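One structure is given here, and the rest of the page talks about it.
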Amino acid sequence: MLMYPIFITDDPDASTEIASLPGQRRWGINKLEGFLGPLVAKGLQSVILFGVPLNCTKDAIGTPADDPAGPVISAIRTLRALFPALYVACDVCLCEYTAHGHCGLFRADGSGTLDPAPSAARLAAVALAYARAGAHCVAPSDMMDGRVRAIKRALVDGGFASALYGPFRDAAGSAPAFGDRKCYQLPPAAKGLARRAIARDVGEGADVIMVKPALPYLDIVQDAAQLAPDHPLACYQVSGEYAMVVAGARAGVYDLREMAFETINSMVRAGCTLVLTYFTPQMLDWLDE
């Protein structure tokens with residue numbers, strides 16, 4: 001299955017090109033029917049929403065993340081009404097909504113250290129708000145320790161039972177205001193740590209495992225398939241991977257269609273059962289040829 005990542009902003013009439021993601025836009029909720037309607041007619045079955053708040057007041061705890069009038073919750077309700085059969089997933093993170101641009105909450109002692117427990121609790125509250133709005137799936141991309149367990153508990157207590165280990169900066173306007181995210185994201189060479197993280201998240205109640213980026217980490221995709229054989233396995237062909245394939249095609253290095261299929265096939269061959277890719281609209285056309 002293909003899942004299409006789309007960026008939802010808080011300008012309801014927005015249709016704004018994203019320079020670093022060729023062919024992709026930030027969308028307002030009033031544009032979703034015209035944008036997605038033709039894709040649904042072609043066979044689009046699932047999307048994942050990333051909120052891009054541009055007109056709100058950000059704070060230390062990411063208050064706009066679960067604003068009932070915010071872009072994600074508004075988009076969930078709109079899409080569920082417009083396209084009842086469309087599977088709607090939502091990225092769950094705080095970096096787009098915090099003034100500091102990081103994925104969690106900082107300790108109150110001024111140490112500049114993230115505080116895992118309140119971070120997980122805040123993420124769980126956001127996930128529950130998305131589920132209550134009608135999201136089929138919530139996909140935490142923050143990498144805070146313990147957030148899968150916290151989200152799972154919140155969903156179960158709230159009458160739901162789904163949590164996804166999941167999915168991103170330019171498109172979402174979520175670059176950190178200081179420092180970077182290396183202290184809580186997995187180092188690229190840490191294969192053993194990645195395997196332990198997969199086992200941890202399964203143990204905490206994740207219903208789906210996701211690996212991102214995808215292409216440079218196909219060995220981790222294979223490991224995930226072995227470590228969690230009874231779980232759906234997703235991989236996210238992230239913005240840099242997509243832009244790299246497009247750039248190579250524009251430079252005449254290869255044919256865009258052939259390379260797009262080759263990269264997706266490599267992910268499926270590694271064991272992936274769900275691919276999040278910005279190529280989804282083209283794939284719907286190519287697969288129909």
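Going by the structure tokens order, chains are called A, B, ..., each with residues numbered from 1, while ligands are numbered from 1 in the order shown.
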
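If you count only C-alpha atoms and ignore residues fewer than 2 places along the chain from Gly43 in chain A, what sits within 10 Å of it is Pro38, Leu39, Val40, Ala41, Gln45, Ser46, Leu86, Pro281, Leu284, Asp285 and Asp288 of chain A.
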
Using N, CA, C and O atoms, can you export the residues from the last selection as a PDB file, in the first residue's frame?
```pdb
ATOM      1  N   PRO A  38      -9.506  14.100  -7.217  1.00  0.00           N
ATOM      2  CA  PRO A  38      -9.051  13.338  -8.378  1.00  0.00           C
ATOM      3  C   PRO A  38      -8.150  12.162  -8.018  1.00  0.00           C
ATOM      4  O   PRO A  38      -8.176  11.122  -8.681  1.00  0.00           O
ATOM      5  N   LEU A  39      -7.334  12.312  -6.955  1.00  0.00           N
ATOM      6  CA  LEU A  39      -6.447  11.228  -6.547  1.00  0.00           C
ATOM      7  C   LEU A  39      -7.251  10.069  -5.946  1.00  0.00           C
ATOM      8  O   LEU A  39      -6.954   8.901  -6.191  1.00  0.00           O
ATOM      9  N   VAL A  40      -8.248  10.406  -5.151  1.00  0.00           N
ATOM     10  CA  VAL A  40      -9.116   9.360  -4.593  1.00  0.00           C
ATOM     11  C   VAL A  40      -9.830   8.622  -5.723  1.00  0.00           C
ATOM     12  O   VAL A  40      -9.968   7.395  -5.698  1.00  0.00           O
ATOM     13  N   ALA A  41     -10.261   9.373  -6.743  1.00  0.00           N
ATOM     14  CA  ALA A  41     -10.927   8.748  -7.885  1.00  0.00           C
ATOM     15  C   ALA A  41      -9.998   7.795  -8.632  1.00  0.00           C
ATOM     16  O   ALA A  41     -10.446   6.804  -9.219  1.00  0.00           O
ATOM     17  N   GLN A  45      -5.817   5.577  -1.364  1.00  0.00           N
ATOM     18  CA  GLN A  45      -6.514   4.958  -0.239  1.00  0.00           C
ATOM     19  C   GLN A  45      -6.103   5.510   1.118  1.00  0.00           C
ATOM     20  O   GLN A  45      -6.833   5.326   2.094  1.00  0.00           O
ATOM     21  N   SER A  46      -4.934   6.159   1.197  1.00  0.00           N
ATOM     22  CA  SER A  46      -4.483   6.598   2.515  1.00  0.00           C
ATOM     23  C   SER A  46      -3.591   7.818   2.418  1.00  0.00           C
ATOM     24  O   SER A  46      -2.840   7.992   1.444  1.00  0.00           O
ATOM     25  N   LEU A  86     -11.384   7.030   2.819  1.00  0.00           N
ATOM     26  CA  LEU A  86      -9.959   7.362   2.847  1.00  0.00           C
ATOM     27  C   LEU A  86      -9.397   7.116   4.244  1.00  0.00           C
ATOM     28  O   LEU A  86      -9.952   7.591   5.243  1.00  0.00           O
ATOM     29  N   PRO A 281       1.019  10.315  -6.018  1.00  0.00           N
ATOM     30  CA  PRO A 281       0.165  10.736  -7.143  1.00  0.00           C
ATOM     31  C   PRO A 281       0.653  10.216  -8.495  1.00  0.00           C
ATOM     32  O   PRO A 281      -0.151   9.740  -9.316  1.00  0.00           O
ATOM     33  N   LEU A 284      -0.006   6.452  -8.910  1.00  0.00           N
ATOM     34  CA  LEU A 284      -1.380   6.119  -9.271  1.00  0.00           C
ATOM     35  C   LEU A 284      -1.561   6.167 -10.782  1.00  0.00           C
ATOM     36  O   LEU A 284      -2.299   5.351 -11.352  1.00  0.00           O
ATOM     37  N   ASP A 285      -0.891   7.131 -11.415  1.00  0.00           N
ATOM     38  CA  ASP A 285      -0.952   7.211 -12.891  1.00  0.00           C
ATOM     39  C   ASP A 285      -0.124   6.117 -13.535  1.00  0.00           C
ATOM     40  O   ASP A 285      -0.574   5.436 -14.484  1.00  0.00           O
ATOM     41  N   ASP A 288      -1.515   2.692 -13.551  1.00  0.00           N
ATOM     42  CA  ASP A 288      -2.711   2.554 -14.373  1.00  0.00           C
ATOM     43  C   ASP A 288      -2.369   2.479 -15.871  1.00  0.00           C
ATOM     44  O   ASP A 288      -3.270   2.261 -16.688  1.00  0.00           O
TER      45      ASP A 288
END
```

Subject >> All helix (DSSP H, G or I) positions in range 62-164 of chain A, as a PyMOL selection string >> reply: chain A and resi 63-66+71-82+116-133+147-157

For those residues, write N, CA and C atoms to a file as a compact mmCIF listing (two decimals), in the first residue's frame.
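Here's the written file result22.txt:
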```txt
# COMPACT_ATOMS: atom_id res chain seq x y z
N THR A 63 1.20 24.12 22.47
CA THR A 63 -0.25 24.21 22.66
C THR A 63 -1.04 24.13 21.35
N PRO A 64 -0.58 24.74 20.25
CA PRO A 64 -1.38 24.69 19.02
C PRO A 64 -1.52 23.29 18.42
N ALA A 65 -0.75 22.32 18.89
CA ALA A 65 -0.77 20.99 18.27
C ALA A 65 -2.15 20.35 18.29
N ASP A 66 -2.89 20.52 19.38
CA ASP A 66 -4.21 19.91 19.49
C ASP A 66 -5.32 20.95 19.58
N PRO A 71 -4.85 23.23 12.08
CA PRO A 71 -4.86 22.64 10.75
C PRO A 71 -5.11 21.13 10.72
N VAL A 72 -4.50 20.38 11.65
CA VAL A 72 -4.62 18.92 11.58
C VAL A 72 -6.02 18.46 11.95
N ILE A 73 -6.53 18.92 13.08
CA ILE A 73 -7.86 18.48 13.50
C ILE A 73 -8.92 18.95 12.50
N SER A 74 -8.76 20.16 11.98
CA SER A 74 -9.70 20.63 10.96
C SER A 74 -9.63 19.76 9.71
N ALA A 75 -8.42 19.38 9.32
CA ALA A 75 -8.25 18.55 8.12
C ALA A 75 -8.80 17.15 8.33
N ILE A 76 -8.61 16.59 9.51
CA ILE A 76 -9.16 15.27 9.80
C ILE A 76 -10.66 15.27 9.58
N ARG A 77 -11.33 16.23 10.18
CA ARG A 77 -12.79 16.30 10.08
C ARG A 77 -13.24 16.53 8.64
N THR A 78 -12.50 17.38 7.94
CA THR A 78 -12.85 17.66 6.55
C THR A 78 -12.71 16.42 5.68
N LEU A 79 -11.59 15.72 5.82
CA LEU A 79 -11.35 14.54 4.99
C LEU A 79 -12.29 13.40 5.32
N ARG A 80 -12.60 13.22 6.58
CA ARG A 80 -13.53 12.14 6.94
C ARG A 80 -14.91 12.40 6.36
N ALA A 81 -15.29 13.69 6.28
CA ALA A 81 -16.59 14.03 5.72
C ALA A 81 -16.59 13.91 4.19
N LEU A 82 -15.50 14.36 3.57
CA LEU A 82 -15.43 14.36 2.11
C LEU A 82 -15.21 12.97 1.52
N PRO A 116 11.60 13.50 29.50
CA PRO A 116 10.84 12.47 28.77
C PRO A 116 9.41 12.28 29.24
N ALA A 117 9.19 12.22 30.54
CA ALA A 117 7.84 11.88 31.04
C ALA A 117 6.78 12.91 30.63
N PRO A 118 6.99 14.20 30.92
CA PRO A 118 5.98 15.17 30.48
C PRO A 118 5.91 15.29 28.96
N SER A 119 7.02 15.05 28.29
CA SER A 119 7.00 15.05 26.83
C SER A 119 6.07 13.96 26.30
N ALA A 120 6.23 12.76 26.84
CA ALA A 120 5.38 11.64 26.42
C ALA A 120 3.92 11.91 26.75
N ALA A 121 3.67 12.51 27.92
CA ALA A 121 2.29 12.81 28.30
C ALA A 121 1.66 13.84 27.35
N ARG A 122 2.44 14.83 26.97
CA ARG A 122 1.92 15.85 26.06
C ARG A 122 1.64 15.25 24.67
N LEU A 123 2.55 14.42 24.19
CA LEU A 123 2.35 13.75 22.91
C LEU A 123 1.13 12.85 22.95
N ALA A 124 0.91 12.19 24.07
CA ALA A 124 -0.26 11.33 24.21
C ALA A 124 -1.54 12.14 24.14
N ALA A 125 -1.53 13.32 24.75
CA ALA A 125 -2.72 14.18 24.71
C ALA A 125 -3.03 14.62 23.27
N VAL A 126 -1.98 14.94 22.52
CA VAL A 126 -2.17 15.34 21.12
C VAL A 126 -2.71 14.17 20.30
N ALA A 127 -2.12 13.00 20.49
CA ALA A 127 -2.57 11.81 19.75
C ALA A 127 -4.04 11.51 20.04
N LEU A 128 -4.43 11.61 21.30
CA LEU A 128 -5.81 11.35 21.67
C LEU A 128 -6.76 12.35 21.02
N ALA A 129 -6.33 13.61 20.95
CA ALA A 129 -7.16 14.63 20.30
C ALA A 129 -7.36 14.32 18.82
N TYR A 130 -6.32 13.83 18.15
CA TYR A 130 -6.44 13.46 16.75
C TYR A 130 -7.37 12.27 16.58
N ALA A 131 -7.24 11.30 17.47
CA ALA A 131 -8.11 10.12 17.39
C ALA A 131 -9.57 10.52 17.60
N ARG A 132 -9.81 11.38 18.56
CA ARG A 132 -11.18 11.82 18.83
C ARG A 132 -11.76 12.61 17.65
N ALA A 133 -10.88 13.29 16.91
CA ALA A 133 -11.34 14.05 15.74
C ALA A 133 -11.69 13.13 14.58
N ARG A 147 7.06 7.31 24.72
CA ARG A 147 5.86 7.93 24.17
C ARG A 147 4.91 6.91 23.56
N VAL A 148 5.41 5.77 23.06
CA VAL A 148 4.50 4.77 22.52
C VAL A 148 3.61 4.23 23.63
N ARG A 149 4.20 3.92 24.77
CA ARG A 149 3.42 3.41 25.89
C ARG A 149 2.39 4.45 26.35
N ALA A 150 2.83 5.72 26.44
CA ALA A 150 1.92 6.78 26.89
C ALA A 150 0.77 6.97 25.92
N ILE A 151 1.06 6.96 24.63
CA ILE A 151 0.01 7.12 23.62
C ILE A 151 -0.94 5.94 23.64
N LYS A 152 -0.39 4.74 23.71
CA LYS A 152 -1.23 3.55 23.74
C LYS A 152 -2.17 3.58 24.94
N ARG A 153 -1.63 3.96 26.10
CA ARG A 153 -2.46 4.03 27.31
C ARG A 153 -3.56 5.06 27.16
N ALA A 154 -3.22 6.23 26.59
CA ALA A 154 -4.21 7.29 26.41
C ALA A 154 -5.30 6.85 25.45
N LEU A 155 -4.93 6.16 24.38
CA LEU A 155 -5.92 5.70 23.41
C LEU A 155 -6.83 4.63 24.00
N VAL A 156 -6.24 3.70 24.73
CA VAL A 156 -7.05 2.65 25.35
C VAL A 156 -8.01 3.25 26.38
N ASP A 157 -7.47 4.13 27.23
CA ASP A 157 -8.31 4.77 28.24
C ASP A 157 -9.37 5.65 27.61
```

**OP:** Skip range 233-240 of chain A itself and residues of its chain fewer than 4 positions away, then list as a ChimeraX atom specification all residues within 7 Å of it, counting only C-alpha atoms.
**Re:** /A:21,208-214,225,244,272-277

Original post:
Got a sec to tell me which of range 115-283 of chain A DSSP assigns to strand (DSSP E or B), as a ChimeraX atom specification?
Top reply: /A:137-140,164,208-211,233-236,274-276

Can those selected residues be exported to a file as a compact mmCIF listing (two decimals), in the first residue's frame so that it contains all heavy atoms?
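Result file is out09.txt:
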```txt
# COMPACT_ATOMS: atom_id res chain seq x y z
N CYS A 137 -5.32 6.57 12.48
CA CYS A 137 -3.99 6.16 12.94
C CYS A 137 -3.23 7.38 13.41
O CYS A 137 -3.30 8.45 12.79
CB CYS A 137 -3.26 5.48 11.78
SG CYS A 137 -1.52 5.11 12.09
N VAL A 138 -2.50 7.25 14.50
CA VAL A 138 -1.61 8.31 14.98
C VAL A 138 -0.18 7.81 14.92
O VAL A 138 0.11 6.68 15.33
CB VAL A 138 -1.97 8.79 16.40
CG1 VAL A 138 -3.28 9.58 16.37
CG2 VAL A 138 -2.09 7.63 17.38
N ALA A 139 0.72 8.64 14.39
CA ALA A 139 2.08 8.20 14.07
C ALA A 139 3.10 9.10 14.74
O ALA A 139 3.49 10.13 14.17
CB ALA A 139 2.28 8.21 12.55
N PRO A 140 3.56 8.77 15.94
CA PRO A 140 4.55 9.61 16.62
C PRO A 140 5.91 9.57 15.94
O PRO A 140 6.44 8.50 15.67
CB PRO A 140 4.62 9.02 18.04
CG PRO A 140 4.17 7.62 17.88
CD PRO A 140 3.16 7.61 16.76
N LEU A 164 0.87 4.15 16.19
CA LEU A 164 1.84 3.80 15.15
C LEU A 164 3.19 4.42 15.46
O LEU A 164 3.27 5.61 15.77
CB LEU A 164 1.34 4.32 13.79
CG LEU A 164 2.36 4.38 12.65
CD1 LEU A 164 2.71 2.97 12.19
CD2 LEU A 164 1.79 5.15 11.47
N VAL A 208 2.17 -0.64 14.56
CA VAL A 208 2.89 -0.63 13.29
C VAL A 208 4.31 -0.16 13.57
O VAL A 208 4.52 0.70 14.43
CB VAL A 208 2.23 0.33 12.27
CG1 VAL A 208 2.99 0.34 10.95
CG2 VAL A 208 0.77 -0.03 12.03
N ILE A 209 5.27 -0.71 12.87
CA ILE A 209 6.65 -0.26 12.98
C ILE A 209 6.99 0.53 11.71
O ILE A 209 6.65 0.11 10.60
CB ILE A 209 7.62 -1.44 13.11
CG1 ILE A 209 7.29 -2.26 14.36
CG2 ILE A 209 9.08 -0.97 13.16
CD1 ILE A 209 7.39 -1.48 15.66
N MET A 210 7.64 1.67 11.89
CA MET A 210 8.05 2.45 10.74
C MET A 210 9.55 2.75 10.81
O MET A 210 10.08 3.04 11.88
CB MET A 210 7.30 3.78 10.65
CG MET A 210 7.71 4.63 9.45
SD MET A 210 6.82 6.18 9.35
CE MET A 210 5.20 5.58 8.89
N VAL A 211 10.20 2.66 9.65
CA VAL A 211 11.62 3.02 9.53
C VAL A 211 11.72 4.22 8.60
O VAL A 211 11.15 4.22 7.50
CB VAL A 211 12.45 1.85 8.96
CG1 VAL A 211 13.90 2.26 8.78
CG2 VAL A 211 12.34 0.63 9.88
N LEU A 233 4.72 -3.33 8.60
CA LEU A 233 6.01 -2.64 8.56
C LEU A 233 5.95 -1.53 7.51
O LEU A 233 5.74 -1.78 6.33
CB LEU A 233 7.13 -3.62 8.22
CG LEU A 233 8.54 -3.06 8.06
CD1 LEU A 233 8.96 -2.26 9.29
CD2 LEU A 233 9.52 -4.19 7.79
N ALA A 234 6.11 -0.31 7.98
CA ALA A 234 6.06 0.85 7.10
C ALA A 234 7.45 1.45 6.96
O ALA A 234 8.30 1.33 7.84
CB ALA A 234 5.10 1.90 7.65
N CYS A 235 7.68 2.09 5.82
CA CYS A 235 8.89 2.90 5.68
C CYS A 235 8.51 4.20 4.97
O CYS A 235 7.60 4.22 4.14
CB CYS A 235 10.01 2.17 4.96
SG CYS A 235 9.63 1.62 3.30
N TYR A 236 9.21 5.25 5.33
CA TYR A 236 8.92 6.58 4.84
C TYR A 236 10.05 7.02 3.92
O TYR A 236 11.18 7.20 4.36
CB TYR A 236 8.79 7.54 6.03
CG TYR A 236 8.25 8.92 5.75
CD1 TYR A 236 7.83 9.72 6.80
CD2 TYR A 236 8.16 9.44 4.46
CE1 TYR A 236 7.33 10.99 6.59
CE2 TYR A 236 7.66 10.70 4.24
CZ TYR A 236 7.24 11.49 5.30
OH TYR A 236 6.75 12.75 5.09
N LEU A 274 4.00 -1.13 3.78
CA LEU A 274 3.38 0.18 3.60
C LEU A 274 4.47 1.19 3.32
O LEU A 274 5.43 1.31 4.09
CB LEU A 274 2.60 0.58 4.86
CG LEU A 274 2.05 2.01 4.93
CD1 LEU A 274 1.01 2.24 3.84
CD2 LEU A 274 1.47 2.31 6.30
N VAL A 275 4.36 1.92 2.21
CA VAL A 275 5.36 2.91 1.83
C VAL A 275 4.74 4.30 1.83
O VAL A 275 3.75 4.54 1.13
CB VAL A 275 5.95 2.61 0.43
CG1 VAL A 275 6.98 3.67 0.05
CG2 VAL A 275 6.58 1.23 0.40
N LEU A 276 5.31 5.20 2.60
CA LEU A 276 4.92 6.60 2.58
C LEU A 276 5.83 7.31 1.58
O LEU A 276 7.05 7.34 1.76
CB LEU A 276 5.07 7.24 3.96
CG LEU A 276 4.03 6.90 5.02
CD1 LEU A 276 4.14 5.45 5.46
CD2 LEU A 276 4.19 7.82 6.23
```

**OP:** Extract, using only C-alpha atoms, all DNA, RNA and protein residues at most 8 Å from Ala99 in chain A, discarding same-chain residues fewer than 5 positions from it, and format them as JSON, numbers by chain.
**Re:** {"A": [58, 59, 60, 62, 177]}

For all heavy atoms, I'd like the residues from the last selection saved as a PDB file, in the first residue's frame.
```
ATOM      1  N   LYS A  58       3.269  30.036  19.019  1.00  0.00           N
ATOM      2  CA  LYS A  58       3.916  28.826  19.516  1.00  0.00           C
ATOM      3  C   LYS A  58       4.431  29.068  20.934  1.00  0.00           C
ATOM      4  O   LYS A  58       4.776  30.183  21.311  1.00  0.00           O
ATOM      5  CB  LYS A  58       5.063  28.419  18.586  1.00  0.00           C
ATOM      6  CG  LYS A  58       4.608  28.137  17.157  1.00  0.00           C
ATOM      7  CD  LYS A  58       5.757  27.700  16.264  1.00  0.00           C
ATOM      8  CE  LYS A  58       5.291  27.442  14.850  1.00  0.00           C
ATOM      9  NZ  LYS A  58       6.357  26.916  13.961  1.00  0.00           N
ATOM     10  N   ASP A  59       4.512  28.006  21.713  1.00  0.00           N
ATOM     11  CA  ASP A  59       4.970  28.135  23.086  1.00  0.00           C
ATOM     12  C   ASP A  59       5.844  26.949  23.461  1.00  0.00           C
ATOM     13  O   ASP A  59       6.222  26.136  22.602  1.00  0.00           O
ATOM     14  CB  ASP A  59       3.793  28.295  24.049  1.00  0.00           C
ATOM     15  CG  ASP A  59       2.796  27.146  23.974  1.00  0.00           C
ATOM     16  OD1 ASP A  59       3.191  26.028  23.561  1.00  0.00           O
ATOM     17  OD2 ASP A  59       1.620  27.334  24.334  1.00  0.00           O
ATOM     18  N   ALA A  60       6.162  26.826  24.749  1.00  0.00           N
ATOM     19  CA  ALA A  60       7.109  25.807  25.199  1.00  0.00           C
ATOM     20  C   ALA A  60       6.530  24.405  25.189  1.00  0.00           C
ATOM     21  O   ALA A  60       7.285  23.424  25.198  1.00  0.00           O
ATOM     22  CB  ALA A  60       7.604  26.147  26.605  1.00  0.00           C
ATOM     23  N   GLY A  62       3.920  23.427  22.943  1.00  0.00           N
ATOM     24  CA  GLY A  62       3.247  23.100  21.686  1.00  0.00           C
ATOM     25  C   GLY A  62       1.738  23.117  21.787  1.00  0.00           C
ATOM     26  O   GLY A  62       1.065  22.254  21.220  1.00  0.00           O
ATOM     27  N   ALA A 177      15.052  25.818  17.019  1.00  0.00           N
ATOM     28  CA  ALA A 177      15.516  27.195  17.194  1.00  0.00           C
ATOM     29  C   ALA A 177      16.960  27.220  17.698  1.00  0.00           C
ATOM     30  O   ALA A 177      17.653  28.215  17.547  1.00  0.00           O
ATOM     31  CB  ALA A 177      14.607  27.934  18.172  1.00  0.00           C
TER      32      ALA A 177
END
```

Original post:
When you draw a straight line from CA of Ser111 in chain A to CA of Val92 in chain A, how long is it in Å?
Top reply: 25.3 Å

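Note that CA of Gly28 in chain A and CA of Ser15 in chain A are 6.6 Å apart.
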
Subject >> Residues within 10 Å of Ala197 in chain A, only C-alpha atoms, excluding chain neighbours under 4 positions, as a PyMOL selection string >> reply: chain A and resi 143+145+186+191-193+201-203+224

For the residues in the current selection, export C-alpha atoms as a CSV table (one decimal), in the first residue's frame.
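The file below, part-v5.csv, is the result:
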```csv
chain,number,residue,atom,x,y,z
A,143,MET,CA,11.6,9.8,19.4
A,145,ASP,CA,11.4,7.7,25.4
A,186,LEU,CA,19.0,7.4,16.5
A,191,LYS,CA,22.2,-0.7,14.2
A,192,GLY,CA,22.0,-2.4,17.6
A,193,LEU,CA,20.3,0.7,19.1
A,201,ASP,CA,8.3,0.1,20.9
A,202,VAL,CA,6.7,-3.3,20.1
A,203,GLY,CA,6.8,-4.0,23.9
A,224,ALA,CA,12.3,-4.9,11.7
```

**OP:** In Å, rounded to a single decimal, give me how far CA of Ala270 in chain A is from CA of Pro216 in chain A.
**Re:** 11.8 Å

Subject >> Counting only C-alpha atoms, the option among A:Val221, A:Val246, A:Ile198, A:Ala251 closest to Ser266 in chain A >> reply: A:Val221
